[in-house]
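Peer 1: My structure file start27.pdb, PDB, C-alpha atoms, is below:
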MODEL        1
ATOM      1  CA  MET A 163      -9.117 -16.478  29.181
ATOM      2  CA  LYS A 164      -7.395 -13.237  28.261
ATOM      3  CA  PRO A 165      -9.254 -10.213  29.659
ATOM      4  CA  LEU A 166     -10.774  -7.795  27.200
ATOM      5  CA  PRO A 167      -8.765  -4.574  26.702
ATOM      6  CA  ASP A 168      -9.997  -1.321  28.194
ATOM      7  CA  ALA A 169     -11.969   0.345  25.400
ATOM      8  CA  THR A 170     -12.334   3.733  27.108
ATOM      9  CA  PHE A 171      -9.567   5.372  25.061
ATOM     10  CA  HIS A 172     -10.896   4.052  21.757
ATOM     11  CA  ARG A 173     -14.487   4.930  22.603
ATOM     12  CA  HIS A 174     -13.485   8.544  23.140
ATOM     13  CA  VAL A 175     -11.460   8.520  19.897
ATOM     14  CA  ARG A 176     -14.562   7.406  18.040
ATOM     15  CA  GLY A 177     -16.759  10.053  19.652
ATOM     16  CA  PHE A 178     -14.145  12.737  19.044
ATOM     17  CA  LEU A 179     -13.769  11.995  15.322
ATOM     18  CA  THR A 180     -17.304  10.999  14.376
ATOM     19  CA  ALA A 181     -19.489  13.173  16.608
ATOM     20  CA  TYR A 182     -17.687  16.017  18.345
ATOM     21  CA  LEU A 183     -15.607  17.403  15.463
ATOM     22  CA  PRO A 184     -18.182  17.173  12.631
ATOM     23  CA  ARG A 185     -21.367  17.886  14.569
ATOM     24  CA  GLN A 186     -20.458  20.138  17.484
ATOM     25  CA  LYS A 187     -17.436  21.913  16.033
ATOM     26  CA  GLY A 188     -18.644  21.791  12.422
ATOM     27  CA  TYR A 189     -15.206  20.944  11.059
ATOM     28  CA  SER A 190     -14.794  19.912   7.433
ATOM     29  CA  ALA A 191     -13.786  16.436   6.338
ATOM     30  CA  HIS A 192     -10.290  17.707   5.520
ATOM     31  CA  THR A 193      -9.785  19.111   9.027
ATOM     32  CA  ILE A 194     -11.075  15.909  10.605
ATOM     33  CA  LYS A 195      -8.673  13.953   8.409
ATOM     34  CA  ALA A 196      -5.763  15.989   9.814
ATOM     35  CA  TYR A 197      -6.938  15.270  13.358
ATOM     36  CA  ARG A 198      -7.229  11.574  12.534
ATOM     37  CA  GLU A 199      -3.665  11.542  11.200
ATOM     38  CA  THR A 200      -2.375  12.949  14.494
ATOM     39  CA  LEU A 201      -4.081  10.203  16.482
ATOM     40  CA  ASN A 202      -2.704   7.627  14.055
ATOM     41  CA  LEU A 203       0.781   9.020  14.649
ATOM     42  CA  TRP A 204       0.163   8.780  18.393
ATOM     43  CA  ARG A 205      -0.635   5.103  17.857
ATOM     44  CA  SER A 206       2.457   4.566  15.691
ATOM     45  CA  PHE A 207       4.667   6.230  18.301
ATOM     46  CA  PHE A 208       3.529   3.826  21.004
ATOM     47  CA  ALA A 209       3.847   0.826  18.698
ATOM     48  CA  GLN A 210       7.378   1.715  17.562
ATOM     49  CA  GLU A 211       8.884   3.339  20.617
ATOM     50  CA  LYS A 212       6.952   1.787  23.518
ATOM     51  CA  GLN A 213       5.962  -1.593  22.048
ATOM     52  CA  VAL A 214       2.357  -0.866  23.050
ATOM     53  CA  GLY A 215      -0.233  -2.130  20.591
ATOM     54  CA  PHE A 216      -3.105   0.103  19.550
ATOM     55  CA  LEU A 217      -5.690  -2.063  21.315
ATOM     56  CA  ASP A 218      -3.668  -1.822  24.519
ATOM     57  CA  LEU A 219      -3.554   1.984  24.570
ATOM     58  CA  THR A 220      -5.248   3.586  27.551
ATOM     59  CA  PHE A 221      -5.297   6.991  29.190
ATOM     60  CA  ASP A 222      -2.904   5.577  31.791
ATOM     61  CA  HIS A 223      -0.162   5.943  29.175
ATOM     62  CA  VAL A 224      -0.694   9.700  28.973
ATOM     63  CA  ASN A 225       1.507  12.101  30.922
ATOM     64  CA  ALA A 226       3.512  15.212  30.190
ATOM     65  CA  ALA A 227       6.773  13.296  29.738
ATOM     66  CA  VAL A 228       5.279  10.911  27.172
ATOM     67  CA  ILE A 229       3.653  13.739  25.219
ATOM     68  CA  ASP A 230       6.971  15.581  25.141
ATOM     69  CA  GLU A 231       8.690  12.394  23.963
ATOM     70  CA  PHE A 232       6.076  12.001  21.222
ATOM     71  CA  LEU A 233       6.713  15.547  20.002
ATOM     72  CA  GLY A 234      10.441  14.886  19.955
ATOM     73  CA  TRP A 235       9.816  11.717  17.950
ATOM     74  CA  LEU A 236       7.904  13.778  15.394
ATOM     75  CA  GLU A 237      10.910  16.053  14.945
ATOM     76  CA  THR A 238      13.604  13.349  14.805
ATOM     77  CA  ALA A 239      11.909  10.339  13.225
ATOM     78  CA  ARG A 240       9.312  12.136  11.115
ATOM     79  CA  HIS A 241      11.374  15.289  10.433
ATOM     80  CA  CYS A 242       8.421  17.546  11.259
ATOM     81  CA  ARG A 243       8.906  21.290  11.525
ATOM     82  CA  ALA A 244       7.926  23.359  14.526
ATOM     83  CA  THR A 245       4.619  24.427  12.961
ATOM     84  CA  THR A 246       3.633  20.791  12.365
ATOM     85  CA  ARG A 247       4.749  19.873  15.880
ATOM     86  CA  ASN A 248       2.571  22.620  17.330
ATOM     87  CA  HIS A 249      -0.391  21.491  15.258
ATOM     88  CA  ARG A 250      -0.059  17.901  16.484
ATOM     89  CA  LEU A 251       0.158  19.148  20.064
ATOM     90  CA  ALA A 252      -2.966  21.264  19.592
ATOM     91  CA  VAL A 253      -4.856  18.217  18.288
ATOM     92  CA  LEU A 254      -3.846  16.141  21.319
ATOM     93  CA  LYS A 255      -4.897  18.912  23.686
ATOM     94  CA  SER A 256      -8.231  19.175  21.901
ATOM     95  CA  PHE A 257      -8.778  15.428  22.155
ATOM     96  CA  PHE A 258      -7.860  15.247  25.832
ATOM     97  CA  HIS A 259     -10.091  18.247  26.530
ATOM     98  CA  TYR A 260     -12.980  16.454  24.835
ATOM     99  CA  ALA A 261     -12.298  13.291  26.847
ATOM    100  CA  ALA A 262     -12.246  15.318  30.085
ATOM    101  CA  THR A 263     -15.652  16.816  29.292
ATOM    102  CA  GLN A 264     -17.032  13.316  28.812
ATOM    103  CA  ASP A 265     -15.445  11.817  31.937
ATOM    104  CA  PRO A 266     -14.374  13.989  34.919
ATOM    105  CA  ALA A 267     -11.860  11.302  35.869
ATOM    106  CA  LEU A 268      -9.841  12.294  32.785
ATOM    107  CA  VAL A 269      -9.391  15.946  33.767
ATOM    108  CA  ALA A 270      -5.970  15.010  35.153
ATOM    109  CA  VAL A 271      -4.993  13.691  31.717
ATOM    110  CA  TYR A 272      -5.982  16.985  30.107
ATOM    111  CA  ALA A 273      -4.004  18.849  32.796
ATOM    112  CA  GLU A 274      -0.902  16.823  31.892
ATOM    113  CA  ALA A 275      -1.243  17.859  28.251
ATOM    114  CA  GLN A 276      -1.623  21.494  29.232
ATOM    115  CA  LYS A 277       1.847  21.433  30.778
ATOM    116  CA  ILE A 278       3.462  21.146  27.347
ATOM    117  CA  PRO A 279       4.090  24.525  25.675
ATOM    118  CA  GLY A 280       4.222  25.069  21.956
ATOM    119  CA  THR A 281       7.524  25.575  20.199
ATOM    120  CA  LYS A 282       8.422  29.064  19.079
ATOM    121  CA  THR A 283       8.323  29.221  15.296
ATOM    122  CA  VAL A 284      10.361  31.344  12.934
ATOM    123  CA  ASP A 285       8.584  32.887   9.959
ATOM    124  CA  ARG A 286      10.074  31.482   6.783
ATOM    125  CA  PRO A 287      10.118  33.430   3.533
ATOM    126  CA  VAL A 288       7.274  32.541   1.210
ATOM    127  CA  ASP A 289       8.380  30.239  -1.573
ATOM    128  CA  TYR A 290       6.912  30.953  -4.982
ATOM    129  CA  LEU A 291       7.621  30.383  -8.654
ATOM    130  CA  SER A 292       9.065  32.992 -10.944
ATOM    131  CA  GLU A 293       7.027  33.823 -14.019
ATOM    132  CA  THR A 294       9.590  31.990 -16.150
ATOM    133  CA  ALA A 295       9.415  28.847 -14.013
ATOM    134  CA  LEU A 296       5.621  28.947 -13.932
ATOM    135  CA  ARG A 297       5.419  29.275 -17.700
ATOM    136  CA  ALA A 298       7.822  26.355 -18.162
ATOM    137  CA  ILE A 299       5.666  24.078 -15.996
ATOM    138  CA  LEU A 300       2.402  25.062 -17.688
ATOM    139  CA  MET A 301       3.929  24.278 -21.085
ATOM    140  CA  GLN A 302       4.769  20.656 -20.218
ATOM    141  CA  PRO A 303       1.386  18.872 -20.623
ATOM    142  CA  ASP A 304       0.522  17.873 -24.169
ATOM    143  CA  GLY A 305      -2.808  19.602 -24.703
ATOM    144  CA  THR A 306      -3.536  17.542 -27.827
ATOM    145  CA  THR A 307      -4.098  14.418 -25.708
ATOM    146  CA  ASP A 308      -6.944  13.859 -23.271
ATOM    147  CA  ARG A 309      -4.677  13.371 -20.277
ATOM    148  CA  GLY A 310      -2.488  16.313 -21.246
ATOM    149  CA  ALA A 311      -5.508  18.597 -21.653
ATOM    150  CA  ARG A 312      -6.816  17.563 -18.242
ATOM    151  CA  ASP A 313      -3.472  18.079 -16.516
ATOM    152  CA  GLN A 314      -2.913  21.447 -18.175
ATOM    153  CA  VAL A 315      -6.308  22.740 -17.049
ATOM    154  CA  LEU A 316      -5.599  21.479 -13.538
ATOM    155  CA  LEU A 317      -2.295  23.374 -13.432
ATOM    156  CA  ILE A 318      -3.856  26.510 -14.890
ATOM    157  CA  LEU A 319      -6.672  26.499 -12.347
ATOM    158  CA  LEU A 320      -4.273  25.868  -9.468
ATOM    159  CA  TYR A 321      -2.529  29.100 -10.392
ATOM    160  CA  ASP A 322      -5.420  31.197 -11.687
ATOM    161  CA  THR A 323      -7.742  30.525  -8.742
ATOM    162  CA  ALA A 324      -5.037  30.204  -6.054
ATOM    163  CA  ALA A 325      -7.298  27.572  -4.530
ATOM    164  CA  ARG A 326      -6.030  24.954  -2.137
ATOM    165  CA  ILE A 327      -5.723  21.603  -3.898
ATOM    166  CA  CYS A 328      -8.488  20.078  -1.775
ATOM    167  CA  GLU A 329     -10.758  23.034  -2.624
ATOM    168  CA  LEU A 330     -10.128  22.643  -6.341
ATOM    169  CA  LEU A 331     -10.682  18.885  -6.356
ATOM    170  CA  ASP A 332     -13.966  19.389  -4.473
ATOM    171  CA  VAL A 333     -15.317  21.585  -7.299
ATOM    172  CA  ARG A 334     -18.336  20.118  -9.072
ATOM    173  CA  LEU A 335     -19.786  21.178 -12.402
ATOM    174  CA  GLY A 336     -22.547  23.083 -10.628
ATOM    175  CA  ASP A 337     -19.884  25.288  -9.038
ATOM    176  CA  LEU A 338     -18.916  26.748 -12.416
ATOM    177  CA  ALA A 339     -20.660  29.888 -13.697
ATOM    178  CA  LEU A 340     -18.979  30.349 -17.075
ATOM    179  CA  GLN A 341     -21.967  32.109 -18.671
ATOM    180  CA  ALA A 342     -22.146  34.846 -16.037
ATOM    181  CA  PRO A 343     -21.119  38.428 -16.963
ATOM    182  CA  VAL A 344     -18.056  37.784 -14.796
ATOM    183  CA  PRO A 345     -17.263  34.044 -15.053
ATOM    184  CA  VAL A 346     -16.516  32.557 -11.634
ATOM    185  CA  VAL A 347     -15.917  29.268  -9.894
ATOM    186  CA  TYR A 348     -17.294  28.729  -6.401
ATOM    187  CA  VAL A 349     -14.978  26.958  -3.966
ATOM    188  CA  THR A 350     -15.568  25.942  -0.371
ATOM    189  CA  GLY A 351     -12.664  26.768   1.914
ATOM    190  CA  LYS A 352     -11.826  26.333   5.565
ATOM    191  CA  GLY A 353     -14.744  26.582   7.916
ATOM    192  CA  ARG A 354     -16.985  25.604   4.999
ATOM    193  CA  LYS A 355     -16.943  29.181   3.781
ATOM    194  CA  MET A 356     -17.757  29.551   0.106
ATOM    195  CA  ARG A 357     -16.125  32.186  -2.051
ATOM    196  CA  ALA A 358     -16.473  33.143  -5.705
ATOM    197  CA  ILE A 359     -13.227  33.360  -7.683
ATOM    198  CA  PRO A 360     -13.320  35.256 -10.989
ATOM    199  CA  LEU A 361     -11.809  33.511 -13.992
ATOM    200  CA  LEU A 362      -9.762  35.084 -16.758
ATOM    201  CA  ASP A 363     -11.008  34.767 -20.344
ATOM    202  CA  LYS A 364      -8.130  32.463 -21.344
ATOM    203  CA  THR A 365      -8.878  30.218 -18.384
ATOM    204  CA  VAL A 366     -12.536  30.043 -19.387
ATOM    205  CA  ASP A 367     -11.485  28.997 -22.905
ATOM    206  CA  HIS A 368      -9.304  26.203 -21.487
ATOM    207  CA  LEU A 369     -12.134  25.098 -19.223
ATOM    208  CA  ARG A 370     -14.663  24.913 -22.049
ATOM    209  CA  TYR A 371     -12.239  22.876 -24.127
ATOM    210  CA  TYR A 372     -11.738  20.536 -21.180
ATOM    211  CA  LEU A 373     -15.477  20.220 -20.539
ATOM    212  CA  GLU A 374     -16.108  19.261 -24.154
ATOM    213  CA  ARG A 375     -13.645  16.371 -23.843
ATOM    214  CA  PHE A 376     -14.325  15.138 -20.322
ATOM    215  CA  HIS A 377     -17.912  16.207 -19.626
ATOM    216  CA  PRO A 378     -19.897  15.908 -22.862
ATOM    217  CA  GLU A 379     -23.663  16.253 -22.738
ATOM    218  CA  PRO A 380     -25.597  15.434 -20.697
ATOM    219  CA  ILE A 381     -23.808  16.784 -17.644
ATOM    220  CA  HIS A 382     -24.832  16.659 -14.006
ATOM    221  CA  ASP A 383     -24.174  19.493 -11.579
ATOM    222  CA  ARG A 384     -22.999  17.030  -8.895
ATOM    223  CA  ASP A 385     -20.256  15.549 -11.089
ATOM    224  CA  PHE A 386     -16.725  16.398  -9.995
ATOM    225  CA  LEU A 387     -14.848  18.692 -12.371
ATOM    226  CA  PHE A 388     -11.717  16.539 -12.040
ATOM    227  CA  TYR A 389     -12.254  12.833 -11.606
ATOM    228  CA  THR A 390     -10.622   9.453 -11.910
ATOM    229  CA  VAL A 391     -12.294   6.270 -13.108
ATOM    230  CA  ARG A 392     -12.118   3.156 -10.936
ATOM    231  CA  HIS A 393     -13.997  -0.022 -11.743
ATOM    232  CA  GLY A 394     -15.942   1.866 -14.382
ATOM    233  CA  ARG A 395     -17.148   4.559 -11.960
ATOM    234  CA  ARG A 396     -16.108   8.175 -11.707
ATOM    235  CA  GLY A 397     -14.869   9.464  -8.390
ATOM    236  CA  ARG A 398     -13.163  12.505  -6.949
ATOM    237  CA  MET A 399      -9.511  12.804  -7.907
ATOM    238  CA  SER A 400      -7.251  12.427  -4.879
ATOM    239  CA  GLU A 401      -4.763  15.008  -3.668
ATOM    240  CA  ASP A 402      -1.961  12.464  -4.093
ATOM    241  CA  THR A 403      -2.820  11.974  -7.769
ATOM    242  CA  ALA A 404      -2.798  15.716  -8.433
ATOM    243  CA  ALA A 405       0.455  16.156  -6.502
ATOM    244  CA  TYR A 406       2.043  13.380  -8.569
ATOM    245  CA  TRP A 407       1.300  15.149 -11.838
ATOM    246  CA  VAL A 408       2.523  18.488 -10.475
ATOM    247  CA  LYS A 409       5.786  16.865  -9.420
ATOM    248  CA  ARG A 410       6.161  15.046 -12.741
ATOM    249  CA  TYR A 411       5.649  18.113 -14.940
ATOM    250  CA  SER A 412       7.886  20.207 -12.698
ATOM    251  CA  ALA A 413      10.709  17.695 -13.103
ATOM    252  CA  MET A 414      10.232  17.840 -16.882
ATOM    253  CA  ALA A 415      10.280  21.653 -16.832
ATOM    254  CA  ARG A 416      13.414  21.757 -14.683
ATOM    255  CA  ILE A 417      15.399  20.125 -17.483
ATOM    256  CA  GLU A 418      14.888  23.153 -19.732
ATOM    257  CA  CYS A 419      14.402  25.823 -17.054
ATOM    258  CA  PRO A 420      16.810  25.810 -14.077
ATOM    259  CA  GLU A 421      14.571  28.328 -12.270
ATOM    260  CA  VAL A 422      12.063  25.569 -11.480
ATOM    261  CA  PRO A 423      12.784  24.537  -7.864
ATOM    262  CA  GLU A 424      13.330  20.962  -6.765
ATOM    263  CA  ALA A 425      10.294  20.712  -4.510
ATOM    264  CA  VAL A 426       7.182  21.812  -6.395
ATOM    265  CA  HIS A 427       3.823  20.965  -4.851
ATOM    266  CA  PRO A 428       0.244  22.122  -5.531
ATOM    267  CA  HIS A 429       0.220  24.673  -2.691
ATOM    268  CA  LEU A 430       3.187  26.433  -4.294
ATOM    269  CA  PHE A 431       0.873  27.613  -7.085
ATOM    270  CA  ARG A 432      -1.312  29.319  -4.452
ATOM    271  CA  HIS A 433       1.683  31.175  -3.028
ATOM    272  CA  THR A 434       2.833  32.053  -6.535
ATOM    273  CA  ARG A 435      -0.508  33.549  -7.526
ATOM    274  CA  ALA A 436      -0.684  35.594  -4.332
ATOM    275  CA  MET A 437       2.827  36.957  -4.837
ATOM    276  CA  HIS A 438       2.189  37.811  -8.478
ATOM    277  CA  LEU A 439      -1.018  39.637  -7.532
ATOM    278  CA  TYR A 440       0.833  41.590  -4.857
ATOM    279  CA  GLN A 441       3.655  42.421  -7.254
ATOM    280  CA  GLY A 442       1.021  43.566  -9.731
ATOM    281  CA  GLY A 443      -0.294  46.123  -7.247
ATOM    282  CA  MET A 444      -3.362  44.375  -5.802
ATOM    283  CA  PRO A 445      -4.022  45.537  -2.207
ATOM    284  CA  LEU A 446      -3.491  42.956   0.505
ATOM    285  CA  SER A 447      -7.122  43.292   1.600
ATOM    286  CA  TYR A 448      -8.228  42.112  -1.861
ATOM    287  CA  ILE A 449      -5.689  39.272  -1.842
ATOM    288  CA  LYS A 450      -7.039  38.215   1.567
ATOM    289  CA  ASP A 451     -10.535  37.781   0.117
ATOM    290  CA  PHE A 452      -9.161  36.132  -3.022
ATOM    291  CA  LEU A 453      -7.321  33.504  -0.959
ATOM    292  CA  GLY A 454     -10.132  33.063   1.538
ATOM    293  CA  HIS A 455      -8.052  34.044   4.565
ATOM    294  CA  ALA A 456     -10.017  34.742   7.720
ATOM    295  CA  GLN A 457      -7.530  37.315   9.041
ATOM    296  CA  LEU A 458      -5.476  39.936   7.214
ATOM    297  CA  HIS A 459      -2.331  39.114   9.210
ATOM    298  CA  THR A 460      -2.285  35.723   7.452
ATOM    299  CA  THR A 461      -1.927  37.577   4.158
ATOM    300  CA  ASP A 462       0.716  40.000   5.475
ATOM    301  CA  ARG A 463       3.436  37.406   4.910
ATOM    302  CA  TYR A 464       3.308  38.153   1.181
ATOM    303  CA  ALA A 465       4.043  41.822   1.798
ATOM    304  CA  SER A 466       7.274  40.980   3.628
ATOM    305  CA  ALA A 467       8.394  38.307   1.176
ATOM    306  CA  ASP A 468       9.026  40.213  -2.014
ATOM    307  CA  THR A 469      12.668  41.326  -2.095
ATOM    308  CA  ARG A 470      12.272  42.467  -5.709
ATOM    309  CA  MET A 471       9.753  45.129  -4.733
ATOM    310  CA  LEU A 472      11.942  46.134  -1.792
ATOM    311  CA  ARG A 473      14.911  46.552  -4.137
ATOM    312  CA  GLN A 474      12.835  48.700  -6.508
ATOM    313  CA  ALA A 475      11.808  50.923  -3.607
ATOM    314  CA  LEU A 476      15.434  51.328  -2.538
ATOM    315  CA  GLU A 477      16.464  52.175  -6.097
ATOM    316  CA  GLN A 478      13.738  54.838  -6.295
ATOM    317  CA  ILE A 479      14.949  56.371  -3.037
ATOM    318  CA  GLU A 480      18.544  56.292  -4.244
ATOM    319  CA  SER A 481      17.644  57.973  -7.522
ATOM    320  CA  ALA A 482      15.738  60.663  -5.637
ATOM    321  CA  GLU A 483      18.700  61.326  -3.328
ATOM    322  CA  VAL A 484      21.023  62.114  -6.222
ATOM    323  CA  GLN A 485      18.735  64.813  -7.588
ATOM    324  CA  ASP A 486      19.895  68.419  -7.405
ATOM    325  CA  HIS A 487      17.099  69.386  -5.072
ATOM    326  CA  PRO A 488      15.035  67.533  -2.446
ATOM    327  CA  VAL A 489      12.096  65.524  -3.758
ATOM    328  CA  TRP A 490       9.651  67.603  -1.727
ATOM    329  CA  GLN A 491      10.798  70.914  -3.250
ATOM    330  CA  ASP A 492       8.091  72.548  -5.368
ATOM    331  CA  ASN A 493       5.637  69.854  -4.254
ATOM    332  CA  GLU A 494       3.294  71.395  -1.703
ATOM    333  CA  ALA A 495       1.170  68.246  -1.388
ATOM    334  CA  LEU A 496       4.194  66.089  -0.564
TER
ENDMDL
END
Would you write out, as structure tokens, the structure that this file holds?
Peer 2:
Amino acid sequence: MKPLPDATFHRHVRGFLTAYLPRQKGYSAHTIKAYRETLNLWRSFFAQEKQVGFLDLTFDHVNAAVIDEFLGWLETARHCRATTRNHRLAVLKSFFHYAATQDPALVAVYAEAQKIPGTKTVDRPVDYLSETALRAILMQPDGTTDRGARDQVLLILLYDTAARICELLDVRLGDLALQAPVPVVYVTGKGRKMRAIPLLDKTVDHLRYYLERFHPEPIHDRDFLFYTVRHGRRGRMSEDTAAYWVKRYSAMARIECPEVPEAVHPHLFRHTRAMHLYQGGMPLSYIKDFLGHAQLHTTDRYASADTRMLRQALEQIESAEVQDHPVWQDNEAL
């Protein structure tokens, strides 16, 4: 009779994902999903590269060399960037730390993981859409049809609220306050922090038109704003479905507007809104609150990304230098 596999590894995986992360750490379902994906990749790595089945995985397979090989596999086979690699490494370290707290015999495993340093990352310029490209994409859905009206409102809200796609798809009808003196939508971001995002009048008009078509009376506050129907029941629209429509309309817009980039995804609308707000003169501290960033340095990347504003500043300096007298002459305050 074949002996039963050692279930220690899998027991700790279950406790890590179902008890430790949601209850003790208070992580959201989206964060836990990202952690789960890392452990699934760990399983795939052993299955493909080591011919070790998932049920046969144990902590005996864990050492610094194997973890380093796994990270290299992410870069070569999965084409992950350094930031993704570092995130996967952080998840593994968190899991092995949890396992060590549950069983002192696994402290050595956690120590092996601690030997692996993160990869130095290089800050990449923020990608965002030009106003022309954005307008071309927003014009693609046919607002006279039900599906077109839904997709257009989704695109408009992605830009107008600068919400993450998961935040927007989590919005329920009770999160809308369209009758308030300042219409807002409440979204729940990272760390389960809720923030109120003001809506422009045109956006409110689009929303009301959408609600009339997709949420006629009576409505329930717990209904999702955007939904899909499966087997006659409404459910939350998935991120993949929303990303598909964004990609489809972007490809259509690219035919008539070459400024539309090849790779357009929902998060690009968030970057675009932040850049347009910064270019419009909104202080970074306000943009930080608008985006729901916990730290201001996360928002600083937008200040260093706008070459157009840098060029304008250089042109102003150049025009001042060619004047007949210094710019500070006859200006006591300056």
Peer 1: List the neighbours of Gly280 in chain A out to 9 Å using all atoms listed in the file; skip same-chain residues closer than 6 positions along the sequence, and give me the result as number ranges by chain.
Peer 2: A: 244, 247-249, 251-252
Peer 1: Expressed in Å to a single decimal, how great is the separation between CA of Arg312 in chain A and CA of Tyr372 in chain A?
Peer 2: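 If I compute the distance from CA of Arg312 in chain A to CA of Tyr372 in chain A, I get 6.5 Å.
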Peer 1: Using only C-alpha atoms, which of A:Arg326, A:Lys364, A:His377, A:Lys355 sits nearest Arg435 in chain A?
Peer 2: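 Among the listed residues, A:Arg326 lies closest to Arg435 in chain A.
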Peer 1: Between A:Gly397, A:Ala295, A:Leu236, A:Phe376, which has the minimum distance to Arg309 in chain A (counting all atoms listed in the file)?
Peer 2: A:Phe376
Peer 1: I'd like the contact shell of Val271 in chain A - 12 Å cut-off, only C-alpha atoms, skipping same-chain residues fewer than 5 positions apart - returned as a VMD selection string.
Peer 2: chain A and resid 171 220 to 229 254 to 263 265 to 266 276 to 277
Peer 1: What does the PyMOL selection byres ((chain A and resi 370) around 12) select in this file, as number ranges by chain?
Peer 2: A: 311-312, 315, 335, 338-341, 345, 363-369, 371-378, 387
Peer 1: Written as a CSV table (one decimal) with C-alpha atoms, keeping the file's coordinate frame, what is the full residue list that the PyMOL selection byres ((chain A and resi 421-431) around 6) yields on the file shown?
Peer 2:
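Here's the written file result-v9.csv:
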chain,number,residue,atom,x,y,z
A,290,TYR,CA,6.9,31.0,-5.0
A,295,ALA,CA,9.4,28.8,-14.0
A,320,LEU,CA,-4.3,25.9,-9.5
A,321,TYR,CA,-2.5,29.1,-10.4
A,409,LYS,CA,5.8,16.9,-9.4
A,416,ARG,CA,13.4,21.8,-14.7
A,419,CYS,CA,14.4,25.8,-17.1
A,420,PRO,CA,16.8,25.8,-14.1
A,432,ARG,CA,-1.3,29.3,-4.5
A,433,HIS,CA,1.7,31.2,-3.0
A,434,THR,CA,2.8,32.1,-6.5
Peer 1: List every residue of range 289-393 of chain A that has an atom at most 10 Å from any atom of range 191-206 of chain A, giving for each one its closest atom pair and the distance in Å to one decimal, counting all atoms listed in the file, sorted by chain and then by ascending residue number, as JSON lines.
Peer 2:
{"residue": "A:Cys328", "atom": "CA", "partner": "A:His192", "partner_atom": "CA", "distance": 7.9}
{"residue": "A:Glu329", "atom": "CA", "partner": "A:His192", "partner_atom": "CA", "distance": 9.7}
{"residue": "A:Lys352", "atom": "CA", "partner": "A:Thr193", "partner_atom": "CA", "distance": 8.3}
{"residue": "A:Gly353", "atom": "CA", "partner": "A:Thr193", "partner_atom": "CA", "distance": 9.0}
{"residue": "A:Arg354", "atom": "CA", "partner": "A:Ala191", "partner_atom": "CA", "distance": 9.8}
Peer 1: Could you jot down the CA of Pro380 in chain A to CA of Gly394 in chain A separation for me, Å, one decimal place?
Peer 2: 17.8 Å
Peer 1: Show me as a PDB file with C-alpha atoms, in the coordinates of the input the residues that reach within 8 Å of (-20.7, 23.5, -6.5), counting only C-alpha atoms and using the file's own coordinates.
Peer 2:
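Just written: result10.pdb:
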ATOM      1  CA  VAL A 333     -15.317  21.585  -7.299  1.00  0.00           C
ATOM      2  CA  ARG A 334     -18.336  20.118  -9.072  1.00  0.00           C
ATOM      3  CA  LEU A 335     -19.786  21.178 -12.402  1.00  0.00           C
ATOM      4  CA  GLY A 336     -22.547  23.083 -10.628  1.00  0.00           C
ATOM      5  CA  ASP A 337     -19.884  25.288  -9.038  1.00  0.00           C
ATOM      6  CA  LEU A 338     -18.916  26.748 -12.416  1.00  0.00           C
ATOM      7  CA  TYR A 348     -17.294  28.729  -6.401  1.00  0.00           C
ATOM      8  CA  VAL A 349     -14.978  26.958  -3.966  1.00  0.00           C
ATOM      9  CA  ASP A 383     -24.174  19.493 -11.579  1.00  0.00           C
ATOM     10  CA  ARG A 384     -22.999  17.030  -8.895  1.00  0.00           C
TER      11      ARG A 384
END
Peer 1: What does the distance from CA of Phe178 in chain A to CA of Pro279 in chain A come to in Å, to one decimal?
Peer 2: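 CA of Pro279 in chain A lies at a distance of 22.7 Å from CA of Phe178 in chain A.
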Peer 1: Can you translate the PyMOL selection byres ((chain A and resi 404) around 9) into the concrete residues it hits in this file, as number ranges by chain?
Peer 2: A: 313, 316, 327, 331, 399-403, 405-409, 428
Peer 1: Taking into account only C-alpha atoms, which residue in the set A:Ala267, A:Leu317, A:Val288, A:Ala324 is nearest to Phe388 in chain A?
Peer 2: A:Leu317
Peer 1: So, counting all atoms listed in the file, which residue among A:Gln210, A:Thr281, A:Arg410, A:Pro303 is closest to Glu237 in chain A?
Peer 2: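 That would be A:Thr281, the residue with the smallest distance to Glu237 in chain A.
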Peer 1: Which residues are close to Met437 in chain A, i.e. within 10 Å by only C-alpha atoms, leaving aside same-chain residues fewer than 6 positions away? Reply as a compact mmCIF listing (two decimals) with C-alpha atoms, in the frame of the given file.
Peer 2:
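Produced file out_36.txt, reproduced below:
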# COMPACT_ATOMS: atom_id res chain seq x y z
CA VAL A 288 7.27 32.54 1.21
CA ASP A 289 8.38 30.24 -1.57
CA TYR A 290 6.91 30.95 -4.98
CA LEU A 291 7.62 30.38 -8.65
CA SER A 292 9.06 32.99 -10.94
CA PHE A 431 0.87 27.61 -7.08
CA GLY A 443 -0.29 46.12 -7.25
CA MET A 444 -3.36 44.38 -5.80
CA ILE A 449 -5.69 39.27 -1.84
CA ARG A 463 3.44 37.41 4.91
CA TYR A 464 3.31 38.15 1.18
CA ALA A 465 4.04 41.82 1.80
CA ALA A 467 8.39 38.31 1.18
CA ASP A 468 9.03 40.21 -2.01
Peer 1: May I have the protein, DNA and RNA residues with an atom at most 9 Å from (5.1, 23.8, -18.0), counting all atoms listed in the file in the file's coordinates, returned as a compact mmCIF listing (two decimals) with C-alpha atoms, in the coordinates of the input?
Peer 2:
# COMPACT_ATOMS: atom_id res chain seq x y z
CA ALA A 295 9.41 28.85 -14.01
CA LEU A 296 5.62 28.95 -13.93
CA ARG A 297 5.42 29.28 -17.70
CA ALA A 298 7.82 26.36 -18.16
CA ILE A 299 5.67 24.08 -16.00
CA LEU A 300 2.40 25.06 -17.69
CA MET A 301 3.93 24.28 -21.08
CA GLN A 302 4.77 20.66 -20.22
CA PRO A 303 1.39 18.87 -20.62
CA GLN A 314 -2.91 21.45 -18.18
CA LEU A 317 -2.30 23.37 -13.43
CA TYR A 411 5.65 18.11 -14.94
CA SER A 412 7.89 20.21 -12.70
CA MET A 414 10.23 17.84 -16.88
CA ALA A 415 10.28 21.65 -16.83
